[in-house]
Amino acid sequence: MADPHKLRTPLAITLSVWKALFMRQTLSRIAQDRIAWAWLIVEPLLHIGFLMWLYAVGIRSRVIAGADTGVFILLGLQSLFMLRNVWARGMAAVDANERLYAFRQIKPIDTVIMSAVSEGVLVCVIFLGFFLGAGLLDHPVVPADPLGALVAGVGLWLLGLGLALVFSVIASLFPEVGRITRLMMLPLYFASAVIYPSISMPHAILEVLLWNPVLHGIEALRVAFMPTYIIPSGITLTYVYSVALGLIFAGLVLHVRYRTRLMTTL
Amino acid sequence: MITLTDVHKRYWTSRGEPHWVLRGITLAFPADRNTGIIGRNGAGKSTMLRLMSGLDMPTRGHVERTGRVSWPLGLTSSTVNRLTGRQNAKFICRIHGFEDEIKDRVDFIHAYSELGDMFDEEVRTYSAGMRGRLNFAIARAFEFDMYIADEGMGAGDAAFKGKAQKALRDTFKRSGLVLVSHNETTLKQFCDYAVWLHEGQAYSFDSVDEALKNYRQSIKA
């Protein structure tokens, strides 16, 4: 450093904090929390295995609405798991990193954002691993529209980030909310077309399900991978991004409004 | 320089009643002087330290910092239990923007803390003294214009304490210090003057002795 008395710009501080938090969070997730790390791989594996067995033996079908069963399930599950992990980790980050706020540079919002980034990167790595494995087993894993897949994936991640930002504030003001949110994950699983194609739903139910932005994201991702996959009209990524940006905006507002309350337990 | 302008701080009691810890404090802590803060337990010393270091916000009034101000040393442990000493050191170097010279600084912390191989063990396996040494070594690896410190800093065995004391004297000759302590010897050794916190108000005295005299009288009364 040339001049010891020169102060860093706020942007430079934020960037160095983000880098440090990212390294710390990813490292402690991999190295220290071995069970959680194993669970990141084992949970989807068991899930996918069971569902594929169900489809192959129970329903005797290798193709769902014009899509390969394996890829269909893999995309649906991994997308939902990413969203759920980003949401849950980001929500817990504010309280889990309380001691770090002794450093003025670190704000609660930094820990939420970097938890979401770290979790997203980890899920992507695992996702690639699964795809490699599925590819070796002759499933069609190469996306027909790579850019579209990327846009859909990022949209789902942004949705998770928005949820994490909003719920991190709410859960830290009312700890009960955290528990209720975890209960909401199961209905979300059934309402997001993870284990069934949304086209298979009766129109009346579909009308309700289409309010769920996660369903839009997952179905758009599947179409980007497999253009023959049939989706109902009305599936659009614009909705995913609108809801995500709305949530992120609301989350940022909440973080600014309650910045003092988030830093202290009092 | 740290400036407090009409700072009020209120906490809520468990019965939901407001408790005003600080009631309108206006003070300036210059970067070329060493200030001691004294007061009874609960007089608001730690609260003031937290407000000065930006760990908490005042209910009314505002706090302004210019120059590089340290994190509150000794008030809370700056390390995380689940990471090793080295990972902690790296993390703190990174957030202070020393990405380029991270190796030098981490090596310095390793050597200064005298932790040896334990530097690569998780902090939760450390003894209290070892933690104190690590925290102190991390703080020593950075230069600040002003230090905010609680009396808890610089713990360790006798040999390390001697080294810490000498280092602190050198550092505080060059930069400013705000020190909260109950220890009269420590206060007299490091501080040029003192502020006495009493019933939400702050009283400045030109010498540490004078402030201590008032403090002692308030305890008797």
# chains A, B, ... in the order shown; residues from 1 in each chain; ligands from 1
call {"tool": "interface_residues", "arguments": {"of": "chain B", "to": "chain A", "cutoff": "6 Å", "atoms": "only C-alpha atoms", "output": "list in words"}}
result
Gly54, Leu55, Trp71, Phe91, Arg94, Ile95 and Gly97 of chain B
call {"tool": "residues_around", "arguments": {"residues": "B:Gly200", "least_positions_apart": "6", "cutoff": "8 Å", "atoms": "only C-alpha atoms", "output": "list in words"}}
result
Trp20, Val21, Leu22, Arg23, Gly24, Ile25, Ala43 and Gly44 of chain B
call {"tool": "write_last_selection", "arguments": {"atoms": "all heavy atoms", "output": "PDB file, in the first residue's frame"}}
result
ATOM      1  N   TRP B  20     -32.314   4.781  29.292  1.00  0.00           N
ATOM      2  CA  TRP B  20     -31.362   5.646  28.595  1.00  0.00           C
ATOM      3  C   TRP B  20     -29.983   5.472  29.205  1.00  0.00           C
ATOM      4  O   TRP B  20     -29.769   5.804  30.359  1.00  0.00           O
ATOM      5  CB  TRP B  20     -31.794   7.106  28.670  1.00  0.00           C
ATOM      6  CG  TRP B  20     -33.019   7.352  27.858  1.00  0.00           C
ATOM      7  CD1 TRP B  20     -34.310   7.269  28.277  1.00  0.00           C
ATOM      8  CD2 TRP B  20     -33.059   7.695  26.466  1.00  0.00           C
ATOM      9  NE1 TRP B  20     -35.166   7.534  27.237  1.00  0.00           N
ATOM     10  CE2 TRP B  20     -34.424   7.810  26.114  1.00  0.00           C
ATOM     11  CE3 TRP B  20     -32.091   7.919  25.492  1.00  0.00           C
ATOM     12  CZ2 TRP B  20     -34.833   8.135  24.829  1.00  0.00           C
ATOM     13  CZ3 TRP B  20     -32.502   8.242  24.216  1.00  0.00           C
ATOM     14  CH2 TRP B  20     -33.867   8.345  23.895  1.00  0.00           C
ATOM     15  N   VAL B  21     -29.055   4.923  28.414  1.00  0.00           N
ATOM     16  CA  VAL B  21     -27.699   4.705  28.909  1.00  0.00           C
ATOM     17  C   VAL B  21     -26.857   5.963  28.726  1.00  0.00           C
ATOM     18  O   VAL B  21     -26.146   6.394  29.626  1.00  0.00           O
ATOM     19  CB  VAL B  21     -27.040   3.519  28.182  1.00  0.00           C
ATOM     20  CG1 VAL B  21     -25.683   3.222  28.769  1.00  0.00           C
ATOM     21  CG2 VAL B  21     -27.929   2.296  28.294  1.00  0.00           C
ATOM     22  N   LEU B  22     -26.951   6.562  27.578  1.00  0.00           N
ATOM     23  CA  LEU B  22     -26.227   7.802  27.308  1.00  0.00           C
ATOM     24  C   LEU B  22     -27.245   8.893  27.018  1.00  0.00           C
ATOM     25  O   LEU B  22     -28.167   8.700  26.244  1.00  0.00           O
ATOM     26  CB  LEU B  22     -25.295   7.624  26.101  1.00  0.00           C
ATOM     27  CG  LEU B  22     -24.279   6.478  26.188  1.00  0.00           C
ATOM     28  CD1 LEU B  22     -23.497   6.365  24.890  1.00  0.00           C
ATOM     29  CD2 LEU B  22     -23.325   6.672  27.359  1.00  0.00           C
ATOM     30  N   ARG B  23     -27.067  10.040  27.668  1.00  0.00           N
ATOM     31  CA  ARG B  23     -28.048  11.121  27.481  1.00  0.00           C
ATOM     32  C   ARG B  23     -27.351  12.388  26.998  1.00  0.00           C
ATOM     33  O   ARG B  23     -26.998  13.240  27.795  1.00  0.00           O
ATOM     34  CB  ARG B  23     -28.748  11.436  28.797  1.00  0.00           C
ATOM     35  CG  ARG B  23     -29.333  10.226  29.475  1.00  0.00           C
ATOM     36  CD  ARG B  23     -29.603  10.566  30.931  1.00  0.00           C
ATOM     37  NE  ARG B  23     -29.897   9.360  31.666  1.00  0.00           N
ATOM     38  CZ  ARG B  23     -31.047   9.151  32.311  1.00  0.00           C
ATOM     39  NH1 ARG B  23     -31.976  10.056  32.332  1.00  0.00           N
ATOM     40  NH2 ARG B  23     -31.231   8.029  32.968  1.00  0.00           N
ATOM     41  N   GLY B  24     -27.131  12.469  25.719  1.00  0.00           N
ATOM     42  CA  GLY B  24     -26.616  13.700  25.153  1.00  0.00           C
ATOM     43  C   GLY B  24     -25.136  13.900  25.409  1.00  0.00           C
ATOM     44  O   GLY B  24     -24.744  14.771  26.176  1.00  0.00           O
ATOM     45  N   ILE B  25     -24.321  13.070  24.762  1.00  0.00           N
ATOM     46  CA  ILE B  25     -22.877  13.194  24.946  1.00  0.00           C
ATOM     47  C   ILE B  25     -22.263  13.840  23.721  1.00  0.00           C
ATOM     48  O   ILE B  25     -22.479  13.406  22.592  1.00  0.00           O
ATOM     49  CB  ILE B  25     -22.258  11.802  25.200  1.00  0.00           C
ATOM     50  CG1 ILE B  25     -22.691  11.343  26.593  1.00  0.00           C
ATOM     51  CG2 ILE B  25     -20.755  11.847  25.077  1.00  0.00           C
ATOM     52  CD1 ILE B  25     -22.095  10.067  27.025  1.00  0.00           C
ATOM     53  N   ALA B  43     -22.314   1.992  33.341  1.00  0.00           N
ATOM     54  CA  ALA B  43     -22.361   3.442  33.116  1.00  0.00           C
ATOM     55  C   ALA B  43     -22.410   3.773  31.627  1.00  0.00           C
ATOM     56  O   ALA B  43     -22.644   4.914  31.256  1.00  0.00           O
ATOM     57  CB  ALA B  43     -21.158   4.112  33.768  1.00  0.00           C
ATOM     58  N   GLY B  44     -22.180   2.750  30.771  1.00  0.00           N
ATOM     59  CA  GLY B  44     -22.271   2.986  29.334  1.00  0.00           C
ATOM     60  C   GLY B  44     -20.926   2.989  28.628  1.00  0.00           C
ATOM     61  O   GLY B  44     -20.823   3.455  27.498  1.00  0.00           O
TER      62      GLY B  44
END
call {"tool": "residues_around", "arguments": {"residues": "A:Phe127", "least_positions_apart": "2", "cutoff": "10 Å", "atoms": "only C-alpha atoms", "output": "PyMOL selection string"}}
result
chain A and resi 41+44+74-75+78-79+82+121-125+129-133
call {"tool": "residues_around", "arguments": {"residues": "B:Ser78", "least_positions_apart": "4", "cutoff": "12 Å", "atoms": "only C-alpha atoms", "output": "ChimeraX atom specification"}}
result
/A:97-104 /B:70-74,83,85,88-89,91-92,123,131-139,153
call {"tool": "write_last_selection", "arguments": {"atoms": "C-alpha atoms", "output": "mmCIF file, in the first residue's frame"}}
result
data_model
loop_
_atom_site.group_PDB
_atom_site.id
_atom_site.type_symbol
_atom_site.label_atom_id
_atom_site.label_comp_id
_atom_site.auth_asym_id
_atom_site.auth_seq_id
_atom_site.Cartn_x
_atom_site.Cartn_y
_atom_site.Cartn_z
ATOM 1 C CA ASN A 97 -22.356 -14.148 11.297
ATOM 2 C CA GLU A 98 -23.233 -11.810 14.133
ATOM 3 C CA ARG A 99 -19.688 -11.711 15.471
ATOM 4 C CA LEU A 100 -18.346 -10.453 12.175
ATOM 5 C CA TYR A 101 -20.163 -7.157 12.542
ATOM 6 C CA ALA A 102 -17.405 -6.160 14.982
ATOM 7 C CA PHE A 103 -15.635 -5.262 11.779
ATOM 8 C CA ARG A 104 -17.197 -2.078 10.540
ATOM 9 C CA SER B 70 -9.626 0.009 14.476
ATOM 10 C CA TRP B 71 -12.320 -2.482 15.357
ATOM 11 C CA PRO B 72 -12.948 -2.638 19.129
ATOM 12 C CA LEU B 73 -9.988 -4.613 20.409
ATOM 13 C CA GLY B 74 -10.638 -6.898 23.334
ATOM 14 C CA LEU B 83 -11.849 -21.807 11.261
ATOM 15 C CA GLY B 85 -5.953 -19.379 13.122
ATOM 16 C CA ASN B 88 -9.053 -16.233 10.489
ATOM 17 C CA ALA B 89 -5.941 -14.154 9.876
ATOM 18 C CA PHE B 91 -10.057 -13.362 6.379
ATOM 19 C CA ILE B 92 -9.291 -10.274 8.426
ATOM 20 C CA VAL B 123 -9.593 -21.758 16.975
ATOM 21 C CA ARG B 131 -6.950 -16.873 21.637
ATOM 22 C CA GLY B 132 -5.853 -13.645 23.268
ATOM 23 C CA ARG B 133 -2.456 -13.929 21.603
ATOM 24 C CA LEU B 134 -3.996 -14.564 18.182
ATOM 25 C CA ASN B 135 -6.375 -11.628 18.534
ATOM 26 C CA PHE B 136 -3.572 -9.378 19.644
ATOM 27 C CA ALA B 137 -1.260 -10.472 16.834
ATOM 28 C CA ILE B 138 -4.013 -9.854 14.268
ATOM 29 C CA ALA B 139 -4.557 -6.358 15.618
ATOM 30 C CA MET B 153 -6.853 -7.013 25.000
#
call {"tool": "select_by_dssp", "arguments": {"residues": "stretch 43-205 of chain B", "states": "helix (DSSP H, G or I)", "output": "ChimeraX atom specification"}}
result
/B:45-52,85-95,102-113,116-120,123-125,128-140,158-174,184-190
call {"tool": "closest_residue", "arguments": {"among": "A:Leu80, A:Ala116, A:Val141, A:Val86", "to": "A:His216", "atoms": "only C-alpha atoms"}}
result
A:Leu80
call {"tool": "closest_residue", "arguments": {"among": "A:Pro213, A:Gly178, A:Gly162, A:Pro232", "to": "A:Met201", "atoms": "only C-alpha atoms"}}
result
A:Pro232
call {"tool": "atom_distance", "arguments": {"atom1": "atom CA of B:Asp120", "atom2": "atom CA of B:Arg105"}}
result
15.4 Å
call {"tool": "atom_distance", "arguments": {"atom1": "atom CA of B:Val195", "atom2": "atom CA of B:Arg140"}}
result
25.7 Å
call {"tool": "select_by_dssp", "arguments": {"residues": "chain B", "states": "strand (DSSP E or B)", "output": "VMD selection string"}}
result
chain B and resid 2 to 12 18 to 29 34 to 38 60 to 65 69 73 84 122 146 to 150 176 to 180 193 to 198 201 to 205
call {"tool": "closest_residue", "arguments": {"among": "B:Glu184, B:Asp104, B:Asp6, B:Asp32", "to": "B:Phe144", "atoms": "only C-alpha atoms"}}
result
B:Asp32
call {"tool": "residues_around", "arguments": {"residues": "A:Tyr189", "least_positions_apart": "4", "cutoff": "10 Å", "atoms": "only C-alpha atoms", "output": "MDAnalysis selection string"}}
result
chainID A and resid 76:77 80:81 84 184:185 193:195 214:215
call {"tool": "write_last_selection", "arguments": {"atoms": "C-alpha atoms", "output": "PDB file, in the first residue's frame"}}
result
ATOM      1  CA  GLY A  76     -36.479 -29.950 -11.575  1.00  0.00           C
ATOM      2  CA  LEU A  77     -34.893 -31.198  -8.373  1.00  0.00           C
ATOM      3  CA  LEU A  80     -35.593 -26.404  -6.457  1.00  0.00           C
ATOM      4  CA  PHE A  81     -32.740 -27.477  -4.186  1.00  0.00           C
ATOM      5  CA  ARG A  84     -34.163 -23.717  -1.270  1.00  0.00           C
ATOM      6  CA  MET A 184     -43.257 -23.907   3.375  1.00  0.00           C
ATOM      7  CA  MET A 185     -40.625 -25.862   1.457  1.00  0.00           C
ATOM      8  CA  ALA A 193     -43.705 -28.955 -11.165  1.00  0.00           C
ATOM      9  CA  VAL A 194     -40.618 -30.701  -9.835  1.00  0.00           C
ATOM     10  CA  ILE A 195     -41.933 -34.253 -10.132  1.00  0.00           C
ATOM     11  CA  VAL A 214     -40.480 -21.114  -9.373  1.00  0.00           C
ATOM     12  CA  LEU A 215     -42.619 -23.241 -11.680  1.00  0.00           C
TER      13      LEU A 215
END
call {"tool": "atom_distance", "arguments": {"atom1": "atom CA of A:Leu156", "atom2": "atom CA of A:Gly217"}}
result
5.9 Å
